[in-house]
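Note: the block below is query-v7.tsv and it holds TSV, C-alpha atoms and all ligand atoms.
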chain	number	residue	atom	x	y	z
A	1	MET	CA	70.48	22.64	-4.67
A	2	LEU	CA	69.54	19.40	-6.34
A	3	ARG	CA	67.00	18.53	-3.71
A	4	ARG	CA	65.12	21.77	-4.29
A	5	HIS	CA	64.84	21.10	-7.98
A	6	TRP	CA	63.33	17.75	-7.21
A	7	VAL	CA	60.70	19.35	-4.98
A	8	LEU	CA	59.98	21.89	-7.68
A	9	ALA	CA	59.52	19.11	-10.23
A	10	VAL	CA	56.97	17.41	-7.96
A	11	VAL	CA	55.09	20.68	-7.55
A	12	VAL	CA	55.03	21.17	-11.32
A	13	VAL	CA	53.71	17.63	-11.88
A	14	ILE	CA	50.97	18.14	-9.29
A	15	ALA	CA	50.00	21.44	-10.89
A	16	ALA	CA	49.84	19.76	-14.30
A	17	LEU	CA	47.58	17.02	-12.90
A	18	ALA	CA	45.32	19.65	-11.34
A	19	ILE	CA	45.03	21.39	-14.70
A	20	LEU	CA	44.19	18.08	-16.38
A	21	LEU	CA	41.46	17.44	-13.82
A	22	LEU	CA	40.03	20.92	-14.40
A	23	ALA	CA	40.13	20.34	-18.16
A	24	ARG	CA	38.15	17.14	-17.65
A	25	GLY	CA	35.49	19.26	-16.04
A	26	ALA	CA	35.06	20.94	-19.40
A	27	PHE	CA	33.51	17.71	-20.69
A	28	GLY	CA	30.75	18.17	-18.16
A	29	ALA	CA	28.58	20.44	-20.23
A	30	ASP	CA	28.51	18.08	-23.20
A	31	ALA	CA	28.06	14.97	-21.10
A	32	GLU	CA	25.12	16.74	-19.50
A	33	ARG	CA	23.63	17.35	-22.90
A	34	GLY	CA	24.27	13.69	-23.69
A	35	ALA	CA	22.46	12.73	-20.49
A	36	ALA	CA	19.46	14.84	-21.45
A	37	LEU	CA	19.40	13.39	-24.96
A	38	TYR	CA	19.71	9.87	-23.61
A	39	GLU	CA	16.98	10.32	-21.04
A	40	SER	CA	14.54	11.80	-23.51
A	41	ARG	CA	15.17	9.28	-26.30
A	42	CYS	CA	16.67	6.06	-24.98
A	43	GLY	CA	15.37	5.61	-21.44
A	44	GLU	CA	11.96	4.30	-22.48
A	45	CYS	CA	13.20	0.82	-23.46
A	46	HIS	CA	16.11	-0.26	-21.37
A	47	THR	CA	16.92	1.01	-17.96
A	48	THR	CA	20.44	2.36	-17.75
A	49	SER	CA	21.40	-0.88	-15.96
A	50	VAL	CA	21.83	-2.45	-19.41
A	51	HIS	CA	25.14	-0.58	-19.55
A	52	GLY	CA	26.31	-1.92	-16.21
A	53	ARG	CA	25.34	-5.56	-16.73
A	54	ALA	CA	28.06	-8.17	-16.42
A	55	LYS	CA	27.73	-9.32	-20.02
A	56	ARG	CA	27.49	-5.96	-21.65
A	57	VAL	CA	28.20	-6.07	-25.34
A	58	ALA	CA	30.12	-2.80	-25.74
A	59	LYS	CA	33.78	-3.64	-25.24
A	60	ASP	CA	35.43	-0.30	-25.85
A	61	PHE	CA	34.58	3.31	-26.56
A	62	ASN	CA	34.07	2.72	-30.26
A	63	ASP	CA	31.62	-0.07	-29.47
A	64	VAL	CA	29.64	2.24	-27.22
A	65	ARG	CA	29.61	4.85	-29.95
A	66	GLY	CA	28.62	2.20	-32.48
A	67	TRP	CA	25.61	1.26	-30.35
A	68	VAL	CA	24.59	4.86	-29.93
A	69	ASN	CA	24.85	5.29	-33.68
A	70	ARG	CA	22.85	2.11	-34.27
A	71	TRP	CA	20.03	3.23	-31.98
A	72	ASN	CA	20.12	6.64	-33.58
A	73	ASP	CA	19.44	4.88	-36.90
A	74	ASN	CA	16.89	2.44	-35.48
A	75	LEU	CA	14.87	5.22	-33.91
A	76	GLY	CA	15.31	7.62	-36.83
A	77	LEU	CA	16.55	10.35	-34.51
A	78	HIS	CA	18.79	12.01	-37.11
A	79	TRP	CA	21.39	12.86	-34.50
A	80	GLY	CA	24.55	14.34	-35.96
A	81	ASP	CA	28.10	13.40	-34.96
A	82	GLU	CA	27.96	15.94	-32.16
A	83	GLU	CA	24.92	14.43	-30.45
A	84	ILE	CA	26.27	10.92	-30.93
A	85	ASP	CA	29.58	11.95	-29.37
A	86	ASP	CA	27.83	13.66	-26.45
A	87	VAL	CA	25.67	10.63	-25.66
A	88	SER	CA	28.64	8.26	-26.09
A	89	VAL	CA	30.78	10.35	-23.76
A	90	TYR	CA	27.92	10.55	-21.25
A	91	LEU	CA	27.42	6.75	-21.27
A	92	ASN	CA	31.15	6.15	-21.17
A	93	ASN	CA	31.73	8.58	-18.28
A	94	THR	CA	28.81	7.17	-16.34
A	95	TYR	CA	29.00	3.42	-16.94
A	96	TYR	CA	31.77	2.07	-19.13
A	97	ARG	CA	34.80	4.18	-18.31
A	98	TYR	CA	36.75	3.01	-21.36
A	99	ALA	CA	39.63	5.09	-22.65
A	100	CYS	CA	38.13	7.86	-24.73
A	101	PRO	CA	39.91	8.54	-28.02
A	102	PRO	CA	41.44	12.02	-27.73
A	103	THR	CA	39.93	13.00	-31.06
A	104	VAL	CA	36.43	12.54	-29.65
A	105	CYS	CA	37.03	13.93	-26.18
A	106	LYS	CA	39.02	16.87	-27.44
A	107	VAL	CA	36.41	17.68	-30.06
A	108	VAL	CA	33.59	17.27	-27.57
A	109	SER	CA	35.21	19.43	-24.92
A	110	LEU	CA	36.27	22.23	-27.23
A	111	ALA	CA	33.44	21.95	-29.74
A	112	ALA	CA	36.11	22.60	-32.37
A	113	PRO	CA	34.84	23.58	-35.81
A	114	ASP	CA	37.21	21.16	-37.57
A	115	ARG	CA	35.27	18.17	-36.27
A	116	GLY	CA	35.50	15.15	-38.48
A	117	SER	CA	38.52	16.30	-40.43
A	118	PRO	CA	40.59	13.37	-41.68
A	119	HIS	CA	43.57	12.39	-39.55
A	201	LIG	C1	13.35	-0.26	-28.72
A	201	LIG	C2	13.97	-0.39	-27.44
A	201	LIG	C3	15.31	0.34	-27.24
A	201	LIG	C4	15.54	1.68	-27.42
A	201	LIG	C5	14.54	2.77	-27.76
A	201	LIG	C6	16.96	1.88	-27.18
A	201	LIG	N1	17.56	0.71	-26.85
A	201	LIG	FE1	19.55	0.45	-26.43
A	201	LIG	N2	19.26	-1.56	-26.22
A	201	LIG	C7	18.01	-2.20	-26.32
A	201	LIG	C8	18.22	-3.64	-26.10
A	201	LIG	C9	17.14	-4.71	-26.12
A	201	LIG	C10	19.62	-3.81	-25.88
A	201	LIG	C11	20.35	-5.12	-25.60
A	201	LIG	C12	20.84	-5.74	-26.90
A	201	LIG	C13	21.65	-7.01	-26.63
A	201	LIG	O1	21.66	-7.51	-25.52
A	201	LIG	O2	22.29	-7.49	-27.60
A	201	LIG	C14	20.23	-2.49	-25.96
A	201	LIG	C15	21.57	-2.25	-25.78
A	201	LIG	C16	22.17	-1.01	-25.86
A	201	LIG	C17	23.59	-0.78	-25.67
A	201	LIG	C18	24.66	-1.82	-25.37
A	201	LIG	C19	24.62	-2.19	-23.91
A	201	LIG	C20	25.81	-3.06	-23.55
A	201	LIG	O3	25.60	-4.25	-23.28
A	201	LIG	O4	26.95	-2.55	-23.48
A	201	LIG	C21	23.78	0.57	-25.81
A	201	LIG	C22	25.12	1.33	-25.67
A	201	LIG	C23	22.51	1.16	-26.09
A	201	LIG	N3	21.55	0.17	-26.11
A	201	LIG	C24	22.31	2.51	-26.30
A	201	LIG	C25	21.08	3.05	-26.65
A	201	LIG	C26	20.91	4.45	-26.97
A	201	LIG	C27	22.01	5.50	-26.97
A	201	LIG	C28	19.58	4.63	-27.26
A	201	LIG	C29	18.92	5.91	-27.69
A	201	LIG	C30	19.44	6.53	-28.90
A	201	LIG	C31	18.94	3.33	-27.11
A	201	LIG	N4	19.87	2.41	-26.74
A	201	LIG	C32	17.58	3.11	-27.30
A	201	LIG	C33	16.79	-1.61	-26.56
A	201	LIG	C34	16.59	-0.27	-26.87
Before anything else, please render the file you have as structure tokens.
Amino acid sequence: MLRRHWVLAVVVVIAALAILLLARGAFGADAERGAALYESRCGECHTTSVHGRAKRVAKDFNDVRGWVNRWNDNLGLHWGDEEIDDVSVYLNNTYYRYACPPTVCKVVSLAAPDRGSPH
């Protein structure tokens, strides 16, 4: 019956969405690390409200990451790409909510060894 197939399709789509939501949960661990890094290194100067202000300067995910990278340099923290990604994803998840480039989010969630490979 055609109608049954339609119902089945809806069930499949809902299942796929549920899986996507669960996969998002996999970012949690790294965003938590980002939160800890941020709190220990960045909280002393600006309160986190700087990221929620109306005239915030970061306009997309790459901007946020650029700022994290800039402060990493300014403070001489020697964070690697992994820490910078974690803090960027944490700030983005918590305040900015910009679209996260799949390369970053995928790499962060899976901690894939081929990080940074050209694409
Ligand atoms: C020395 C003080 C200081 C420290 C330490 C500091 N910041 Fe900042 N941060 C600022 C100031 C001041 C601004 C606002 C700059 C502006 O308005 O142009 C800012 C702005 C930002 C922004 C942009 C906010 C926006 O409007 O979207 C980001 C992102 C950011 N900081 C991240 C970090 C991170 C990550 C760290 C830790 C690695 C850090 N900051 C440490 C002083 C600091």
Subject >> Selection as an MDAnalysis selection string: residues within 10 Å of ligand LIG 201 (chain A) by all atoms listed in the file >> reply: chainID A and resid 34:35 37:61 63:79 83:84 87:88 90:92 95:96
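Between atom CA of Glu32 of chain A and atom CA of Pro101 of chain A there is a distance of 18.9 Å.
Note that the spacing between atom CA of Cys105 of chain A and atom CA of Arg33 of chain A amounts to 14.2 Å.
Distance-wise, atom CA of Pro102 of chain A and atom CA of Val10 of chain A end up 25.7 Å apart.
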For segment 52-66 of chain A, I'd like the enclosing box, axis-aligned and padded by 5 Å on every side, reported as AutoDock Vina command-line options with centre and edge lengths in Å to one decimal.
--center_x 30.4 --center_y -2.2 --center_z -24.3 --size_x 20.1 --size_y 24.2 --size_z 26.3
